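J.: Structure: final.tsv, TSV, C-alpha atoms.
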```
chain	number	residue	atom	x	y	z
A	1	MET	CA	164.54	105.79	139.38
A	2	THR	CA	162.06	105.80	142.25
A	3	ILE	CA	158.41	106.41	141.55
A	4	ALA	CA	156.35	107.87	144.36
A	5	ALA	CA	152.57	108.25	144.38
A	6	VAL	CA	150.47	111.09	145.71
A	7	ASP	CA	146.72	110.60	145.95
A	8	ILE	CA	144.69	113.77	145.48
A	9	VAL	CA	141.13	113.06	146.59
A	10	ILE	CA	138.40	115.44	145.44
A	11	GLY	CA	134.74	114.57	145.80
A	12	GLY	CA	135.77	111.16	147.10
A	13	THR	CA	137.47	110.44	143.77
A	14	ALA	CA	141.18	109.73	144.09
A	15	VAL	CA	143.61	110.77	141.38
A	16	ARG	CA	146.93	109.01	141.98
A	17	ILE	CA	149.78	111.16	140.71
A	18	ALA	CA	152.94	109.13	140.04
A	19	VAL	CA	156.09	111.27	140.17
A	20	THR	CA	159.83	110.62	140.09
A	21	ASP	CA	160.88	114.11	141.17
A	22	GLU	CA	161.00	114.50	144.93
A	23	ASN	CA	160.72	118.28	144.79
A	24	PHE	CA	157.59	118.07	142.66
A	25	ARG	CA	156.13	115.49	145.05
A	26	HIS	CA	156.63	117.94	147.92
A	27	LEU	CA	155.08	120.72	145.85
A	28	LEU	CA	151.97	118.54	145.41
A	29	LEU	CA	151.86	117.62	149.10
A	30	ASP	CA	152.10	121.28	150.10
A	31	HIS	CA	149.60	122.59	147.59
A	32	TYR	CA	146.88	119.94	147.95
A	33	GLY	CA	147.21	119.67	151.75
A	34	ASP	CA	143.77	118.68	152.99
A	35	PHE	CA	143.06	116.86	149.72
A	36	ILE	CA	145.97	114.44	149.98
A	37	GLY	CA	144.48	111.02	150.66
A	38	GLU	CA	145.62	107.54	151.45
A	39	THR	CA	147.30	105.78	148.55
A	40	GLU	CA	145.17	102.74	149.33
A	41	SER	CA	142.16	104.50	147.75
A	42	ALA	CA	139.95	102.11	145.81
A	43	ASP	CA	139.91	102.45	142.03
A	44	PRO	CA	141.90	105.67	141.68
A	45	ILE	CA	142.53	107.45	138.42
A	46	GLU	CA	146.27	107.06	137.81
A	47	LEU	CA	148.27	109.81	136.13
A	48	MET	CA	152.00	109.48	135.46
A	49	ILE	CA	153.77	112.84	135.43
A	50	ASP	CA	156.47	113.28	132.80
A	51	LEU	CA	158.25	116.41	133.99
A	52	THR	CA	159.62	118.31	131.06
A	53	PRO	CA	162.52	120.76	131.32
A	54	SER	CA	161.51	124.36	130.71
A	55	SER	CA	163.52	124.38	127.47
A	56	ALA	CA	161.34	121.57	126.11
A	57	ILE	CA	158.16	123.25	127.30
A	58	ASP	CA	159.20	126.27	125.29
A	59	GLU	CA	158.79	124.09	122.20
A	60	ILE	CA	155.10	123.94	123.01
A	61	ASP	CA	153.37	127.09	121.89
A	62	ALA	CA	152.57	128.96	125.08
A	63	GLU	CA	149.75	130.76	123.27
A	64	ASP	CA	147.92	127.51	122.56
A	65	ASP	CA	144.34	127.56	123.74
A	66	LEU	CA	143.08	124.59	125.68
A	67	GLN	CA	141.98	121.66	123.54
A	68	VAL	CA	140.29	118.56	124.91
A	69	VAL	CA	139.42	116.04	122.22
A	70	ASN	CA	138.56	112.37	122.19
A	71	GLU	CA	140.58	110.24	119.78
A	72	SER	CA	139.47	106.61	119.63
A	73	GLY	CA	138.35	106.63	123.24
A	74	ILE	CA	141.45	108.38	124.58
A	75	TRP	CA	141.21	111.97	125.78
A	76	ILE	CA	143.94	114.22	124.44
A	77	LEU	CA	144.47	117.39	126.50
A	78	ARG	CA	146.61	120.18	125.08
A	79	ARG	CA	147.43	123.61	126.37
A	80	GLY	CA	150.47	125.82	126.07
A	81	ASP	CA	151.98	124.49	129.30
A	82	PHE	CA	151.05	120.80	129.13
A	83	ARG	CA	150.14	117.79	127.03
A	84	ALA	CA	148.20	114.86	128.48
A	85	ARG	CA	146.49	111.62	127.50
A	86	TYR	CA	143.73	110.10	129.60
A	87	ASP	CA	142.08	106.72	129.04
A	88	PRO	CA	138.73	106.83	130.89
A	89	ASP	CA	138.14	103.08	130.52
A	90	ARG	CA	141.46	102.11	132.10
A	91	ARG	CA	141.32	105.23	134.31
A	92	CYS	CA	144.93	106.12	133.65
A	93	GLY	CA	146.98	108.60	131.71
A	94	VAL	CA	150.21	110.51	131.22
A	95	VAL	CA	150.82	114.23	131.74
A	96	ARG	CA	153.79	116.04	130.22
A	97	GLN	CA	154.34	119.34	131.97
A	98	GLY	CA	156.82	121.55	133.78
A	99	ALA	CA	157.35	121.38	137.54
A	100	ASN	CA	154.53	123.73	138.47
A	101	ARG	CA	151.16	123.29	140.15
A	102	TYR	CA	149.15	125.27	137.61
A	103	SER	CA	149.41	122.63	134.90
A	104	ILE	CA	148.45	119.68	137.09
A	105	ASP	CA	145.65	121.81	138.58
A	106	ALA	CA	144.22	122.30	135.08
A	107	VAL	CA	144.59	118.61	134.22
A	108	LEU	CA	142.79	117.64	137.43
A	109	ARG	CA	139.89	119.98	136.62
A	110	ILE	CA	139.54	118.52	133.14
A	111	VAL	CA	139.75	114.90	134.28
A	112	HIS	CA	137.20	115.54	137.03
A	113	SER	CA	134.85	117.32	134.61
A	114	ILE	CA	134.96	114.32	132.27
A	115	ASP	CA	134.51	111.84	135.10
A	116	LEU	CA	131.67	113.85	136.67
A	117	ALA	CA	129.75	114.20	133.41
A	118	GLY	CA	129.34	110.43	133.30
A	119	GLU	CA	128.25	110.32	136.94
A	120	GLY	CA	125.48	112.90	136.71
A	121	GLY	CA	127.49	115.81	138.10
A	122	PHE	CA	129.56	118.78	137.01
A	123	LEU	CA	132.17	121.32	138.03
A	124	LEU	CA	130.62	124.72	138.53
A	125	HIS	CA	132.26	128.13	138.31
A	126	ALA	CA	131.05	128.93	141.78
A	127	ALA	CA	131.99	129.49	145.39
A	128	SER	CA	130.36	127.17	147.88
A	129	ALA	CA	130.15	126.75	151.61
A	130	ILE	CA	128.55	124.56	154.26
A	131	ARG	CA	126.21	126.16	156.77
A	132	ASP	CA	124.15	124.17	159.27
A	133	GLY	CA	124.83	120.92	157.44
A	134	ARG	CA	123.79	122.15	153.99
A	135	ALA	CA	125.88	123.35	151.08
A	136	PHE	CA	125.11	126.71	149.48
A	137	ILE	CA	126.55	127.44	146.06
A	138	PHE	CA	127.24	130.94	144.70
A	139	ALA	CA	127.73	131.06	140.96
A	140	GLY	CA	128.58	133.89	138.65
A	141	ARG	CA	130.99	135.19	136.12
A	142	SER	CA	134.24	136.87	137.17
A	143	GLY	CA	133.44	139.96	139.20
A	144	ALA	CA	129.95	138.79	140.20
A	145	GLY	CA	131.03	138.42	143.82
A	146	LYS	CA	132.11	134.81	144.42
A	147	THR	CA	135.23	135.76	146.31
A	148	THR	CA	133.36	138.58	148.09
A	149	ILE	CA	130.58	136.32	149.36
A	150	ALA	CA	133.19	133.76	150.43
A	151	ARG	CA	135.20	136.39	152.27
A	152	LEU	CA	132.07	137.64	154.06
A	153	ALA	CA	131.07	134.19	155.34
A	154	PRO	CA	130.21	134.39	159.04
A	155	ALA	CA	131.64	132.19	161.77
A	156	GLY	CA	130.48	128.60	161.58
A	157	VAL	CA	130.49	128.52	157.78
A	158	SER	CA	132.98	126.12	156.15
A	159	LEU	CA	134.25	127.29	152.78
A	160	LEU	CA	134.22	124.56	150.12
A	161	SER	CA	135.69	126.79	147.41
A	162	ASP	CA	135.76	130.42	146.36
A	163	GLU	CA	136.07	129.51	142.68
A	164	ILE	CA	135.16	126.00	141.50
A	165	SER	CA	132.55	123.77	143.11
A	166	TRP	CA	132.29	120.01	142.65
A	167	VAL	CA	128.69	118.74	142.41
A	168	ARG	CA	127.36	115.21	142.03
A	169	PRO	CA	124.03	113.50	142.70
A	170	SER	CA	123.72	111.15	145.65
A	171	ALA	CA	120.87	108.85	146.54
A	172	GLU	CA	118.42	111.62	147.45
A	173	ARG	CA	119.80	114.93	146.26
A	174	PHE	CA	122.83	116.68	144.82
A	175	VAL	CA	125.89	116.99	147.04
A	176	ALA	CA	128.65	119.63	146.89
A	177	TRP	CA	132.24	118.84	147.83
A	178	GLY	CA	135.16	121.07	148.64
A	179	THR	CA	137.92	121.57	146.10
A	180	PRO	CA	141.52	122.79	146.24
A	181	PHE	CA	140.87	125.05	143.24
A	182	THR	CA	141.20	128.62	144.43
A	183	GLY	CA	140.18	132.00	143.12
A	184	GLU	CA	141.22	135.42	144.32
A	185	LEU	CA	140.96	134.33	147.94
A	186	GLY	CA	143.84	131.91	147.36
A	187	GLN	CA	142.50	129.65	150.07
A	188	PRO	CA	141.69	125.99	149.32
A	189	GLY	CA	138.32	124.73	150.47
A	190	VAL	CA	137.78	122.17	153.17
A	191	ASN	CA	137.64	118.56	152.03
A	192	ARG	CA	134.06	117.97	153.16
A	193	SER	CA	130.67	117.55	151.55
A	194	ALA	CA	127.03	118.36	152.26
A	195	PRO	CA	123.70	118.11	150.44
A	196	VAL	CA	123.03	121.18	148.33
A	197	GLY	CA	120.56	123.52	150.05
A	198	ALA	CA	120.37	126.12	147.28
A	199	LEU	CA	122.19	127.64	144.34
A	200	TYR	CA	122.46	131.43	144.06
A	201	PHE	CA	123.45	133.38	140.98
A	202	LEU	CA	125.27	136.42	142.24
A	203	GLU	CA	125.10	140.05	141.28
A	204	GLN	CA	126.38	142.91	143.40
A	205	ALA	CA	123.75	145.58	144.04
A	206	ARG	CA	122.80	148.50	146.29
A	207	GLU	CA	120.41	146.40	148.33
A	208	ASN	CA	120.02	142.78	149.28
A	209	ARG	CA	117.35	141.03	147.28
A	210	ILE	CA	116.58	137.43	146.52
A	211	THR	CA	114.50	136.20	143.57
A	212	ARG	CA	113.56	132.61	142.83
A	213	LEU	CA	114.56	131.31	139.40
A	214	GLU	CA	112.84	128.41	137.75
A	215	GLY	CA	112.70	126.42	134.57
A	216	ALA	CA	114.42	127.51	131.42
A	217	GLU	CA	116.08	130.59	132.89
A	218	ALA	CA	117.58	128.61	135.77
A	219	VAL	CA	118.91	125.94	133.42
A	220	ARG	CA	120.38	128.51	131.04
A	221	LEU	CA	122.24	130.30	133.83
A	222	LEU	CA	123.41	127.01	135.26
A	223	LEU	CA	124.76	125.80	131.91
A	224	GLU	CA	126.55	129.10	131.40
A	225	ASN	CA	128.46	128.51	134.63
A	226	ILE	CA	129.32	124.82	134.25
A	227	LEU	CA	132.96	124.18	133.49
A	228	PHE	CA	133.24	121.69	130.70
A	229	PHE	CA	136.23	121.55	128.46
A	230	ALA	CA	135.76	118.51	126.24
A	231	ASP	CA	134.84	118.83	122.59
A	232	ASP	CA	132.56	115.80	122.67
A	233	PRO	CA	128.84	116.01	121.78
A	234	ARG	CA	127.97	112.83	123.68
A	235	LEU	CA	129.36	114.18	126.94
A	236	VAL	CA	128.00	117.68	126.31
A	237	ARG	CA	124.56	116.09	126.09
A	238	ARG	CA	125.19	114.35	129.43
A	239	VAL	CA	126.15	117.65	131.01
A	240	PHE	CA	122.94	119.20	129.65
A	241	ASP	CA	120.89	116.38	131.21
A	242	ASN	CA	122.80	116.70	134.49
A	243	ALA	CA	122.09	120.44	134.61
A	244	CYS	CA	118.38	119.86	133.95
A	245	ALA	CA	118.23	117.23	136.71
A	246	PHE	CA	119.92	119.62	139.11
A	247	ALA	CA	117.57	122.50	138.24
A	248	GLU	CA	114.52	120.27	138.66
A	249	SER	CA	115.55	119.17	142.14
A	250	THR	CA	117.29	122.18	143.68
A	251	SER	CA	116.17	125.62	144.84
A	252	ILE	CA	117.78	128.25	142.61
A	253	PHE	CA	117.77	132.00	143.21
A	254	ARG	CA	119.24	135.24	141.94
A	255	LEU	CA	120.99	136.93	144.86
A	256	SER	CA	121.53	140.66	144.46
A	257	PHE	CA	123.67	141.69	147.38
A	258	LEU	CA	125.48	144.48	149.10
A	259	PRO	CA	129.11	143.57	149.60
A	260	ASP	CA	128.82	143.32	153.37
A	261	SER	CA	128.00	140.58	155.83
A	262	SER	CA	124.25	141.35	155.76
A	263	ALA	CA	123.96	139.31	152.54
A	264	TRP	CA	124.46	136.13	154.53
A	265	GLU	CA	121.22	136.81	156.42
A	266	LEU	CA	119.44	135.74	153.22
A	267	ILE	CA	121.33	132.44	153.00
A	268	ARG	CA	119.34	129.74	154.69
B	1	MET	CA	104.43	131.01	98.39
B	2	ARG	CA	105.43	127.37	98.69
B	3	ASP	CA	104.62	125.50	101.86
B	4	LEU	CA	107.50	125.05	104.26
B	5	TYR	CA	107.99	121.87	106.27
B	6	PRO	CA	110.11	122.54	109.37
B	7	VAL	CA	111.68	119.66	111.25
B	8	ARG	CA	113.73	119.64	114.41
B	9	ALA	CA	117.36	118.81	113.80
B	10	GLY	CA	118.52	115.48	115.16
B	11	ASN	CA	121.09	115.03	117.92
B	12	LEU	CA	119.93	118.04	119.90
B	13	ALA	CA	119.57	118.12	123.66
B	14	SER	CA	116.37	119.78	124.81
B	15	ARG	CA	114.01	120.07	127.73
B	16	VAL	CA	110.73	121.95	128.16
B	17	PHE	CA	110.09	123.79	131.43
B	18	GLY	CA	106.69	125.39	131.92
B	19	GLY	CA	106.08	125.62	128.18
B	20	GLU	CA	109.51	127.11	127.39
B	21	ALA	CA	112.18	124.97	125.77
B	22	VAL	CA	115.89	125.03	126.41
B	23	VAL	CA	117.70	123.63	123.39
B	24	MET	CA	121.38	122.87	123.12
B	25	ASN	CA	123.38	121.85	120.10
B	26	PRO	CA	125.95	119.46	121.64
B	27	ALA	CA	128.20	119.83	118.61
B	28	ASP	CA	129.15	123.38	119.56
B	29	SER	CA	127.41	123.85	122.94
B	30	THR	CA	125.27	126.72	121.65
B	31	LEU	CA	122.22	127.24	123.81
B	32	PHE	CA	118.78	128.57	122.93
B	33	ASN	CA	115.93	129.56	125.19
B	34	LEU	CA	112.64	129.50	123.30
B	35	ASN	CA	109.57	131.39	124.50
B	36	GLU	CA	106.20	129.69	124.59
B	37	THR	CA	105.26	130.54	120.99
B	38	ALA	CA	108.61	129.44	119.63
B	39	THR	CA	108.45	126.28	121.74
B	40	ALA	CA	105.02	125.41	120.33
B	41	ILE	CA	106.36	125.73	116.78
B	42	TRP	CA	109.54	123.85	117.58
B	43	LEU	CA	107.72	120.95	119.21
B	44	ALA	CA	105.29	120.65	116.28
B	45	ALA	CA	108.05	120.73	113.65
B	46	ASP	CA	107.93	117.10	112.58
B	47	GLY	CA	108.80	117.50	108.90
B	48	LYS	CA	105.34	116.40	107.85
B	49	THR	CA	103.30	119.39	108.98
B	50	THR	CA	103.54	122.67	107.12
B	51	LEU	CA	104.46	125.82	108.98
B	52	ARG	CA	101.06	127.22	108.01
B	53	GLN	CA	99.31	124.21	109.59
B	54	ILE	CA	101.40	124.59	112.74
B	55	VAL	CA	100.50	128.25	113.00
B	56	GLU	CA	96.79	127.57	112.43
B	57	ARG	CA	96.66	124.68	114.91
B	58	GLU	CA	99.10	125.73	117.63
B	59	ILE	CA	99.56	129.48	117.50
B	60	CYS	CA	96.37	131.24	116.39
B	61	PRO	CA	93.97	129.56	118.85
B	62	ALA	CA	96.30	130.00	121.81
B	63	TRP	CA	97.50	133.56	121.21
B	64	ASP	CA	94.52	135.14	119.43
B	65	ILE	CA	96.52	136.39	116.46
B	66	ASP	CA	95.57	136.43	112.78
B	67	ALA	CA	97.04	133.66	110.66
B	68	GLU	CA	98.97	135.81	108.17
B	69	THR	CA	100.76	137.86	110.83
B	70	ALA	CA	101.52	134.73	112.83
B	71	LEU	CA	102.82	132.93	109.75
B	72	GLU	CA	105.10	135.82	108.91
B	73	ASP	CA	106.55	135.80	112.43
B	74	ALA	CA	106.83	132.02	112.40
B	75	GLU	CA	108.80	132.07	109.13
B	76	THR	CA	111.22	134.60	110.54
B	77	PHE	CA	111.65	132.49	113.65
B	78	ALA	CA	112.05	129.25	111.67
B	79	ARG	CA	114.74	130.75	109.45
B	80	GLU	CA	116.62	132.07	112.51
B	81	LEU	CA	116.66	128.62	114.04
B	82	ALA	CA	117.61	127.10	110.70
B	83	ALA	CA	120.59	129.46	110.55
B	84	HIS	CA	121.76	127.92	113.83
B	85	SER	CA	121.15	124.37	112.54
B	86	ILE	CA	118.64	123.45	115.20
B	87	LEU	CA	115.71	123.46	112.76
B	88	LEU	CA	115.71	122.27	109.17
B	89	ILE	CA	113.32	123.67	106.58
B	90	SER	CA	112.22	121.77	103.52
B	91	THR	CA	109.75	122.52	100.76
B	92	GLU	CA	108.77	118.86	100.72
B	93	SER	CA	107.11	116.73	103.35
B	94	ALA	CA	109.28	114.15	105.08
B	95	LYS	CA	108.46	110.55	104.23
B	96	SER	CA	106.54	108.56	106.80
```
What is this structure when it is put down as structure tokens?
T.:
Amino acid sequence: MTIAAVDIVIGGTAVRIAVTDENFRHLLLDHYGDFIGETESADPIELMIDLTPSSAIDEIDAEDDLQVVNESGIWILRRGDFRARYDPDRRCGVVRQGANRYSIDAVLRIVHSIDLAGEGGFLLHAASAIRDGRAFIFAGRSGAGKTTIARLAPAGVSLLSDEISWVRPSAERFVAWGTPFTGELGQPGVNRSAPVGALYFLEQARENRITRLEGAEAVRLLLENILFFADDPRLVRRVFDNACAFAESTSIFRLSFLPDSSAWELIR
Amino acid sequence: MRDLYPVRAGNLASRVFGGEAVVMNPADSTLFNLNETATAIWLAADGKTTLRQIVEREICPAWDIDAETALEDAETFARELAAHSILLISTESAKS
């Protein structure tokens, strides 16, 4: 049995996926395109994929909600379509799933959210894009306009994601990276990063209007849009602190916008 | 009426921005935004000071409200927070 490795690099963090199925390896290479990195990446997270026949997957209750719990230092991830174990100290784990990209996509989001929490960052339910060397993040619940604002981006804007943004502090300020996690646009972001210029909470309206948000309201909205899956009070507290640090250092606005390209005139 | 001694629950995550606190219970990720009055009560809830003393010291001078009305509102607020386990209410003072 030959084991091949595929490195998926998001936010500069490599997750090395070890697979024995050549078709699944090609599926990963096709889907993660721009996010496939060199397998010489330093200190990758290593995940061994145990592909399970669909008949065995059926034994797992497809109606299961996602559970992410820590048992003696090992993260146990369960959902209807996969089971996984992840050891954050040894940075390795095993994923049992069918030969589809949706399961590994979910596992990657969870592993990154855990990893980011410890590094001062978070995954945000938000579109994001780079304009003039700065990243602008557009957060909001489903229907708020993330895909719309991404679709309306003018020439010269590089889309980092239309659905999930990857945010981590750097030496001077928070930085946003592109992700392969797509929303309705179905288009992966570019694998680039830029310092965060501003965060906008979206709402579609009959006129374009921008309102600065500060303090408690900004933090509350930010926390409502952070993707964090783990049932772990210690890490939840870290995420809270990370959100506060972000809100204290970043310009945050409410962006009410008409769904046309004029909204981007307010983004600067 | 017996004196009530409110005390902030342990293991909470909180931060005050411009006089308004954001409080999260990491056990279930519930989030609370407290206005300035509620924040003043919450910050003063040390388990050794009665709710009446908190109202008289922190609320009445700052918001120009009579003590009985303020105490009534503060009790309602304290019991709401207690129901969410982010404030504990005792009828006895905590030991030093």
J.: Return the single residue from A:Trp166, A:Phe228, A:Phe174, A:Tyr102 that is closest to chain B, with distances computed using only C-alpha atoms.
T.: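 Closest candidate: A:Phe228.
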J.: Identify, on the basis of all atoms listed in the file, every residue whose closest approach to Arg83 of chain A does not exceed 9 Å; exclude the query and any residue fewer than 6 positions from it along the same chain; express the result as a PDB file with C-alpha atoms, in the coordinates of the input.
T.:
```
ATOM      1  CA  ILE A  60     155.100 123.940 123.010  1.00  0.00           C
ATOM      2  CA  ILE A  76     143.940 114.220 124.440  1.00  0.00           C
ATOM      3  CA  LEU A  77     144.470 117.390 126.500  1.00  0.00           C
ATOM      4  CA  VAL A  94     150.210 110.510 131.220  1.00  0.00           C
ATOM      5  CA  VAL A  95     150.820 114.230 131.740  1.00  0.00           C
ATOM      6  CA  ARG A  96     153.790 116.040 130.220  1.00  0.00           C
ATOM      7  CA  GLN A  97     154.340 119.340 131.970  1.00  0.00           C
TER       8      GLN A  97
END
```
J.: Could you tell me which residues of chain A sit within 7 Å of chain B when counting all atoms listed in the file, and give me the result as a PyMOL selection string?
T.: chain A and resi 215-216+233+236-237+240
J.: For atom CA of Pro61 of chain B and atom CA of His84 of chain B, determine how far apart the two atoms are, in Å to one decimal place.
T.: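 That distance, rounded to one decimal, is 28.3 Å.
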J.: Excluding same-chain residues fewer than 2 positions from Gly12 of chain A, what lies within 12 Å of it counting only C-alpha atoms, as a list in words?
T.: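 Non-adjacent residues within range: Asp7, Ile8, Val9, Ile10, Ala14, Val15, Phe35, Ile36, Gly37, Glu38, Ser41, Ala42, Asp43, Pro44, Ile45, His112, Leu116, Trp166, Val167, Arg168, Val175, Ala176, Trp177, Gly178, Thr179, Asn191, Arg192 and Ser193 of chain A.
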J.: Just the number, please: distance in Å from atom CA of Leu222 of chain A to atom CA of Ala153 of chain A, one decimal.
T.: 22.7 Å
J.: So how many Å separate atom CA of Ile65 of chain B and atom CA of Arg2 of chain B, to one decimal?
T.: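 Answer for the atom CA of Ile65 of chain B to atom CA of Arg2 of chain B separation: 21.8 Å.
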J.: Can you list, as JSON, numbers by chain, every protein, DNA or RNA residue that comes within 12 Å of Arg25 of chain A when you count only C-alpha atoms, leaving out same-chain residues fewer than 3 positions away?
T.: {"A": [2, 3, 4, 5, 6, 7, 8, 16, 17, 18, 19, 20, 21, 22, 28, 29, 30, 31, 32, 33, 36, 49, 51, 99, 100, 101, 104]}
J.: Please write as number ranges by chain the list of polymer residues whose atoms come within 10 Å of (107.9, 118.8, 110.1), counting all atoms listed in the file and keeping to the coordinates of the file.
T.: B: 4-8, 41-51, 54, 87-90, 92-94
J.: Using only C-alpha atoms, please write the residues we just selected to a file, as a PDB file, in the coordinates of the input.
T.:
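Heads up, here's the output in out-v5.pdb:
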```pdb
ATOM      1  CA  LEU B   4     107.500 125.050 104.260  1.00  0.00           C
ATOM      2  CA  TYR B   5     107.990 121.870 106.270  1.00  0.00           C
ATOM      3  CA  PRO B   6     110.110 122.540 109.370  1.00  0.00           C
ATOM      4  CA  VAL B   7     111.680 119.660 111.250  1.00  0.00           C
ATOM      5  CA  ARG B   8     113.730 119.640 114.410  1.00  0.00           C
ATOM      6  CA  ILE B  41     106.360 125.730 116.780  1.00  0.00           C
ATOM      7  CA  TRP B  42     109.540 123.850 117.580  1.00  0.00           C
ATOM      8  CA  LEU B  43     107.720 120.950 119.210  1.00  0.00           C
ATOM      9  CA  ALA B  44     105.290 120.650 116.280  1.00  0.00           C
ATOM     10  CA  ALA B  45     108.050 120.730 113.650  1.00  0.00           C
ATOM     11  CA  ASP B  46     107.930 117.100 112.580  1.00  0.00           C
ATOM     12  CA  GLY B  47     108.800 117.500 108.900  1.00  0.00           C
ATOM     13  CA  LYS B  48     105.340 116.400 107.850  1.00  0.00           C
ATOM     14  CA  THR B  49     103.300 119.390 108.980  1.00  0.00           C
ATOM     15  CA  THR B  50     103.540 122.670 107.120  1.00  0.00           C
ATOM     16  CA  LEU B  51     104.460 125.820 108.980  1.00  0.00           C
ATOM     17  CA  ILE B  54     101.400 124.590 112.740  1.00  0.00           C
ATOM     18  CA  LEU B  87     115.710 123.460 112.760  1.00  0.00           C
ATOM     19  CA  LEU B  88     115.710 122.270 109.170  1.00  0.00           C
ATOM     20  CA  ILE B  89     113.320 123.670 106.580  1.00  0.00           C
ATOM     21  CA  SER B  90     112.220 121.770 103.520  1.00  0.00           C
ATOM     22  CA  GLU B  92     108.770 118.860 100.720  1.00  0.00           C
ATOM     23  CA  SER B  93     107.110 116.730 103.350  1.00  0.00           C
ATOM     24  CA  ALA B  94     109.280 114.150 105.080  1.00  0.00           C
TER      25      ALA B  94
END
```
